[in-house]
Structure formats: structure tokens, C-alpha cells
Number of protein chains: 2
Amino acid sequence: MSKNLFTPGPLNTSATVKQAMLHDLGSRDEAFIRIVAEIRAELLSLGQVSHQTGFEAIPMQGSGTFGIESVIGSTVHREGKLLVIINGAYGERILKIAQRLGIETESLRCPENDIPDLDLLHETLGDDGDITDVAVVHCETSSGVLNPVEKIGAIVHEFGRNYIVDAMSSFGGIPLHLERAHIDFLISSSNKCIEGVPGFSFVIARRENLLSARDHARSVSLDLFAQWEALERSGQFRFTPPTHTLLAFRQALKELAEEGGIPARHKRYQRQHATLLAGMRKIGFEEHVPVDLQSPIITTFRYPEDPSFQFEEFYEQLAERGHVIYPGKLTEHECFRVGNIGRLPEDAIPNLLSAIREVLAAMRVHLPG
Amino acid sequence: MSKNLFTPGPLNTSATVKQAMLHDLGSRDEAFIRIVAEIRAELLSLGQVSHQTGFEAIPMQGSGTFGIESVIGSTVHREGKLLVIINGAYGERILKIAQRLGIETESLRCPENDIPDLDLLHETLGDDGDITDVAVVHCETSSGVLNPVEKIGAIVHEFGRNYIVDAMSSFGGIPLHLERAHIDFLISSSNKCIEGVPGFSFVIARRENLLSARDHARSVSLDLFAQWEALERSGQFRFTPPTHTLLAFRQALKELAEEGGIPARHKRYQRQHATLLAGMRKIGFEEHVPVDLQSPIITTFRYPEDPSFQFEEFYEQLAERGHVIYPGKLTEHECFRVGNIGRLPEDAIPNLLSAIREVLAAMRVHLPG
């Protein structure tokens, strides 16, 4: 049975995106080289930047985390110091990556259902002249909080630091002008809001900052500069690319354009998010994140207080009915998550809400709603 | 037009392998967790080892090189020293990876069309007690040389060192008993002789050696031990897996079994390799590697002496006719390569040979044959 995936990914993709994978192409094939070039150009355009304005798009094999590590490990200089702004598991992961690579780090933490304190950021950058790079997650997928990357960017820019944004689960689904947000490196992946299949990540980089990353990479596989250089020189990846996944991604980009680009997709996600919130509130669920801080990507709901509620059973019974939700990833509160990105049918959220009512009744869980 | 790929990968895959990708599965889905477990068990069986005999199979996102780096970067201890046996570009790549990671290295080089000197290896290991790990490429894809990994393994075992084999382009196409060859870590990828689509690599590891790799990884993304631990604990990848590629791989494993397993596939490749050699010799081409050192995977041919031969034109004209060959990757001699792995039609090699004759005639290249 085909299921609706209310997760942060892998997600549902259109039939045509999957069918695009029914072809074997050689990685040196002219057709494939053209496709990679098309994808790179389109990614810049989605970030509202261009080659002319000094930006480069670089696909990188592996999952999103591999893309993050390629940026941290290739662009933070040997003598650099990275400040990581953290309000969830994905911020913690950036910190862990940097620490594992032996990079000097500082962190600025705030509660998982809040956004970072911008005055404190200003103060930290003012106080610590050793900080060379600042990293933050756009949509903190562990909670659904949407961090104010433009406002953070203005502060980072004021202090002339390198600015790295993990836009894994937001890019393509929420409008973002990279240059206006002062972003130097943005990372996202093939299977989030662009609605391709999983298998690679990509980086949009300010060329000037990328050039200064030459010879700084701690890894051969994840060397961002070398990956870019090879793509520029030959149009080819350094190492075997996931050709089928790239074909699917090109189709996904076409379908994003046909839908009306990022503004239209953003509206679809907002509409689905609003339907979800209204329905869940009516049932009696509470969100963990204040509504004005929520992204339209994924939403965190607190476990009901009724002790009859057992998440694993709730999850399994929904999955049996074809609805796959997602467990929580918060340390502070028992929660579960419902995502609404991916190519979901129009009636996906209403059907999910009916199934939730049904399962709660079967589990004899009583909510205040 | 669909082309025949006579390359080291990406390769031709069967229609059914590609069709297996027409499904979206969640990475926490029970069905997907079962598929990953099936794949891991089947990989052990292809290596003629088992969980019971102390081996583990670990898929790793990214291309084959990512798998190699995950083994080098996770299993060579901080105070270790790696000896790399080198007779081509892929041996050089292992050395480069280790050096980039700051690992102390030693190399043992031999000509690109020869196999390593085993007496010299014995002497080197006897002389240098600091060497903790030895790495070699099984089929050196840059030349097609098949290195004697069993004999090398016996020597490495005699000295009690950790033995790493890059079996990227050979595993699944050439019988290999990991335990008899004394291999501790073997790396291969989804799209070589198993004939899946590209998108991940995998490692077969001796558990005892894997356990001693805990806390040694230089990277979060490529942490082999952590990847294994997560798979054991939850059946899930740490980071988003390429679900569609894994579905294709499971289908490819089924088709390998249906063909008669590795011995049958080996025979197919040997048959195609023999047809290729006979035909190319008849045309007048010379192989760069002595026939008794050649693998049945990929073959290196020297450029003809006739100055009318221009590789780029030769390549393009063959590609236009639907035959994709591969450029050389040797430093010593001008060569090109013809691979015969992947799901090629039965008449693929005879058709390639006819096309080569046709193109040479059109280019007015005269060969002695």
C-alpha cells in the first residue's frame, strides 16, 4: 500500500519524478553533463542569486548531513572559530560535526520552542573577535521553529563574519533571497521542499568565500572546493554521481516551476499547515511551538495527558491506515511531529485528521477538544 | 536513445531494477527496515561470511569513495600507520584520503600494468613495526589489473595487521571469500558488479576490528562505527538513506541470485571479456596489461600508433552510435578503457566491435590487424 508520509523526509514524490529515474545515463554523457548544468543554474535562481552576482551551486553526494559537513569541514579555516546558534537537534548536529573535525567552536543556545536572542548574538560577536563563522538552521526540523535567518544575517554581516545556513527542510518551500539575507553558504537536499528523491545534498555558495576555502578541506570526499572545481572544469562530478537521483531532481525542479515556483509551493504548504493546525486543535492537541514561530514545514504536538496515549501504538495504528507521522526529537517535552511537505494529495491532511480521531477513539484516549 | 555503457560505472541496469524505484518509502517504515536488513544479510552471504562468523555489512551514503574514506577515517587508529599498495589511480586515491585525514602513511608502488611485489611487501611489514593497517585495490579500475588480494592477505595476516580491500569494481563479479583472504574491511558500491543504480557504498567488516574503531572516526557523516551501531539498534540509517536506490539494490541482489550468484556472473563477465579481447586483437589493438594480470571487469587498450587516431573523435563517434567507452586514467601510457560489467545485452560486445571497425574506417585509422 502506498502511504502518505507526514515526515521531514523521505517524502512522497510525484509519479513523474520517480519515472524520470527509468534511464541509465553515463556520468560523462553530454546529456547528463547538460542536466547537471541545468540543475546548478536552477538552484541559483531558486535562491534569487546568479553566477553573475557571485554565487555557485554545488551538488554533493550523500544525505543532507554530508552537505553540512562538506561546508563546515571545507570552509571554516584551520585557524577559524565557529559560532553555532542552537535551538534543536540539527543545531546540535552542526556543533558536533565541527567538534569532531577539531574546529574551535562556541555555541549560543536557546529553548527548543523559541528563537535565538538577537541582542545576545550581537553581544557575542562584539565580544569575541576570534569567531570567524556563524551557523544556524533555518527551519529547525526537530521542533518546526523557523529561525529568523535574515535578521541573524544582518548581524553576522555587520561583524563581517562568514554565514552558514542549514536550509535543509526549508529551501524551495519558503522564499529566501540569499544575498539579502547575507548568506555565504546555504545547504539543502534533494528530497525536501523541492520534492525530489533522497540521495544528494547541494550547497549554494558565495564564490568569493568559496575561493578562500581552497586547501582548507579536512576530507577528500567532502571537499566542497574540489567538487566545485571539477564541475567547473569538466561539468562532471569528481566521484560517481547518483545519476538516477539527479534525473528525478531535474523533473522535480520542472514541477516546482510549473506549480508557480517557491511562492506557490509556500502557499500550498501554508494552506496544509493551517488545515492541520485547525484540525488538531479541534481534536484537542496542543502545539509545542508558539504559532508565530512555527514554520509551514513540520509541526510539533505535545503528547496528550491521558495516560492511555501510547505513541508507538498511535504511530502503528496510523501507519496501518496509510498515514506515516514522525516521532519527536525534543529533549524538553514529549512530542510527536507531523510534516506537510512532499507531494501529498489534496485531501491528505483531512484524511489524516479523520484517522487520528478514529485511532484515538480505538485507543480510548480522551482529549479536551 | 538508450546507450550501452562500457564504463566502470554508472552502468546499464535491468528495467526491473529501475522499476523498483517507483515507490516512496519512509525511512522508519517497517517494510523499509526489513529491506535494509535483507540487503545487509545478502551482502555478507556474497562475501561468503556471516554474522555468526563475525562479520557485519554496513551501507554508507555517497559514492564508493565515501565508503573508502569512511573505512580509512574510522578504522585506522589515531596513532596508526597505513601502508597503501599502489599500482594505479585508485590506490593513489586511498593514499590521498589518508594523508588528508592526517594519518601517517607509507606506500608501496609498482608499475600500473603489473601486480605488487609480494616479497617487498613481506620485507616492508617485517621492517616497519609501526604499520598497523594495509590497504589495496582489488581490481585497479584505472588499468584493469586484478591484484592478488588473497596472497597479500596471507602476508598481512602473518604480521597481524588490519587489512582493508577496495573491491569497488570487483565485488559481486569475482568470487572472493573474505575470511580466507583475511580481509578485515572490504568496500564496494551499489552500482558495479551487483548492477544496482549509483547512490551508496557498503562495507563488509570483521566485527572485532569494527568494535575497535569506536571513537576513532574523524568525521560525523562518515563514521562507520556510528552507522553500524544505529543500524543494529534501530534498523535505521543515522541520516536520510537513499530509499529508492536501496529498493533498486534489493532487486539487483535478487537478479544476481537468479542468474546463479557470483560464479555465474563471473562467467558472464569472463565470456564478454574474452569476446572483447579476441575482437580487439583482430582489429589490431594492443592491451596495456599482460593477459594473465587482467580482470574480466575492464580492459585497457593502447592508442594505435597511426596519428589519425584522435581519442575524442573516436569516443564521440562511438557514443553517437550508442556505445559509450571510457577514457584512460594512466600516467605512463596513452590508453582508453572498455568495461564489460553492468546489464549489457548479449550482443553488446559484437555490436561494439563492429562500430569500432566502422569508426576507425571513417577516421581513416589503419591498424596492423
# chains A, B, ... in the order shown; residues from 1 in each chain; ligands from 1

$ residues_around --residues "B:Phe336" --least-positions-apart "5" --cutoff "6 Å" --atoms "only C-alpha atoms" --output "MDAnalysis selection string"
chainID B and resid 300:301 327:328

$ write_last_selection --atoms "all heavy atoms" --output "PDB file, in the first residue's frame"
ATOM      1  N   THR B 300      42.211  -2.200 -20.610  1.00  0.00           N
ATOM      2  CA  THR B 300      42.891  -1.009 -21.106  1.00  0.00           C
ATOM      3  C   THR B 300      43.556  -1.305 -22.449  1.00  0.00           C
ATOM      4  O   THR B 300      44.339  -2.250 -22.554  1.00  0.00           O
ATOM      5  CB  THR B 300      43.960  -0.573 -20.096  1.00  0.00           C
ATOM      6  OG1 THR B 300      43.320  -0.382 -18.848  1.00  0.00           O
ATOM      7  CG2 THR B 300      44.613   0.722 -20.510  1.00  0.00           C
ATOM      8  N   PHE B 301      43.240  -0.502 -23.450  1.00  0.00           N
ATOM      9  CA  PHE B 301      43.851  -0.658 -24.773  1.00  0.00           C
ATOM     10  C   PHE B 301      44.712   0.563 -25.079  1.00  0.00           C
ATOM     11  O   PHE B 301      44.307   1.703 -24.815  1.00  0.00           O
ATOM     12  CB  PHE B 301      42.777  -0.825 -25.851  1.00  0.00           C
ATOM     13  CG  PHE B 301      41.963  -2.073 -25.670  1.00  0.00           C
ATOM     14  CD1 PHE B 301      40.729  -2.030 -25.017  1.00  0.00           C
ATOM     15  CD2 PHE B 301      42.440  -3.300 -26.113  1.00  0.00           C
ATOM     16  CE1 PHE B 301      39.982  -3.184 -24.826  1.00  0.00           C
ATOM     17  CE2 PHE B 301      41.692  -4.471 -25.920  1.00  0.00           C
ATOM     18  CZ  PHE B 301      40.465  -4.406 -25.273  1.00  0.00           C
ATOM     19  N   PRO B 327      37.600   6.946 -21.178  1.00  0.00           N
ATOM     20  CA  PRO B 327      38.978   7.401 -21.401  1.00  0.00           C
ATOM     21  C   PRO B 327      39.945   6.673 -20.474  1.00  0.00           C
ATOM     22  O   PRO B 327      39.534   6.002 -19.531  1.00  0.00           O
ATOM     23  CB  PRO B 327      38.919   8.884 -21.056  1.00  0.00           C
ATOM     24  CG  PRO B 327      37.718   9.069 -20.228  1.00  0.00           C
ATOM     25  CD  PRO B 327      36.766   7.964 -20.550  1.00  0.00           C
ATOM     26  N   GLY B 328      41.233   6.833 -20.731  1.00  0.00           N
ATOM     27  CA  GLY B 328      42.249   6.219 -19.884  1.00  0.00           C
ATOM     28  C   GLY B 328      42.437   6.989 -18.601  1.00  0.00           C
ATOM     29  O   GLY B 328      41.929   8.102 -18.436  1.00  0.00           O
TER      30      GLY B 328
END

$ select_by_dssp --residues "stretch 288-336 of chain B" --states "helix (DSSP H, G or I)" --output "ChimeraX atom specification"
/B:291-293,311-320

$ closest_residue --among "A:Leu360, A:Leu318, A:Leu353, A:Ile33" --to "A:Leu277" --atoms "only C-alpha atoms"
A:Leu353

$ closest_atom_pairs --of "chain B" --to "chain A" --cutoff "6 Å" --atoms "only C-alpha atoms" --output "tab-separated table"
residue	atom	partner	partner_atom	distance
B:Pro10	CA	A:Gly26	CA	5.6
B:Asn12	CA	A:Asp24	CA	5.8
B:Lys18	CA	A:Leu22	CA	5.4
B:Leu22	CA	A:Lys18	CA	5.4
B:Asp24	CA	A:Asn12	CA	5.8
B:Gly26	CA	A:Pro10	CA	5.6
B:Gln61	CA	A:Gly62	CA	4.8
B:Gly62	CA	A:Gly62	CA	4.1
B:Ser63	CA	A:Thr240	CA	5.7
B:Phe66	CA	A:Ser221	CA	5.6
B:Ile97	CA	A:Val220	CA	5.6
B:Pro198	CA	A:Pro242	CA	4.9
B:Gly199	CA	A:Pro242	CA	4.7
B:Val220	CA	A:Ile97	CA	5.6
B:Ser221	CA	A:Phe66	CA	5.6
B:Thr240	CA	A:Ser63	CA	5.7
B:Pro242	CA	A:Gly199	CA	4.7

$ residues_around --residues "B:Leu176" --least-positions-apart "6" --cutoff "9 Å" --atoms "only C-alpha atoms" --output "list in words"
Leu46, Gly47, Gln48 and Glu150 of chain B

$ closest_residue --among "B:Ser45, B:Ser170, B:Asn209, B:Gln236" --to "B:Gly342" --atoms "only C-alpha atoms"
B:Ser170

$ residues_around --residues "B:His288" --least-positions-apart "4" --cutoff "9 Å" --atoms "only C-alpha atoms" --output "ChimeraX atom specification"
/B:113,143,299-302,333,335

$ write_last_selection --atoms "C-alpha atoms" --output "CSV table (one decimal), in the first residue's frame"
chain,number,residue,atom,x,y,z
B,113,ASN,CA,50.4,-2.7,-15.6
B,143,SER,CA,44.2,-0.3,-15.7
B,299,THR,CA,40.3,-3.6,-20.1
B,300,THR,CA,42.9,-1.0,-21.1
B,301,PHE,CA,43.9,-0.7,-24.8
B,302,ARG,CA,46.8,1.4,-26.0
B,333,HIS,CA,50.8,5.4,-21.5
B,335,CYS,CA,45.2,4.4,-23.4

$ select_by_dssp --residues "stretch 169-202 of chain A" --states "strand (DSSP E)" --output "list in words"
Phe185, Leu186, Ile187, Ser188, Ser189, Phe200, Ser201 and Phe202 of chain A

$ closest_residue --among "A:Gly279, A:Gly153, A:Gly129, A:Gly260" --to "A:Glu179" --atoms "only C-alpha atoms"
A:Gly153
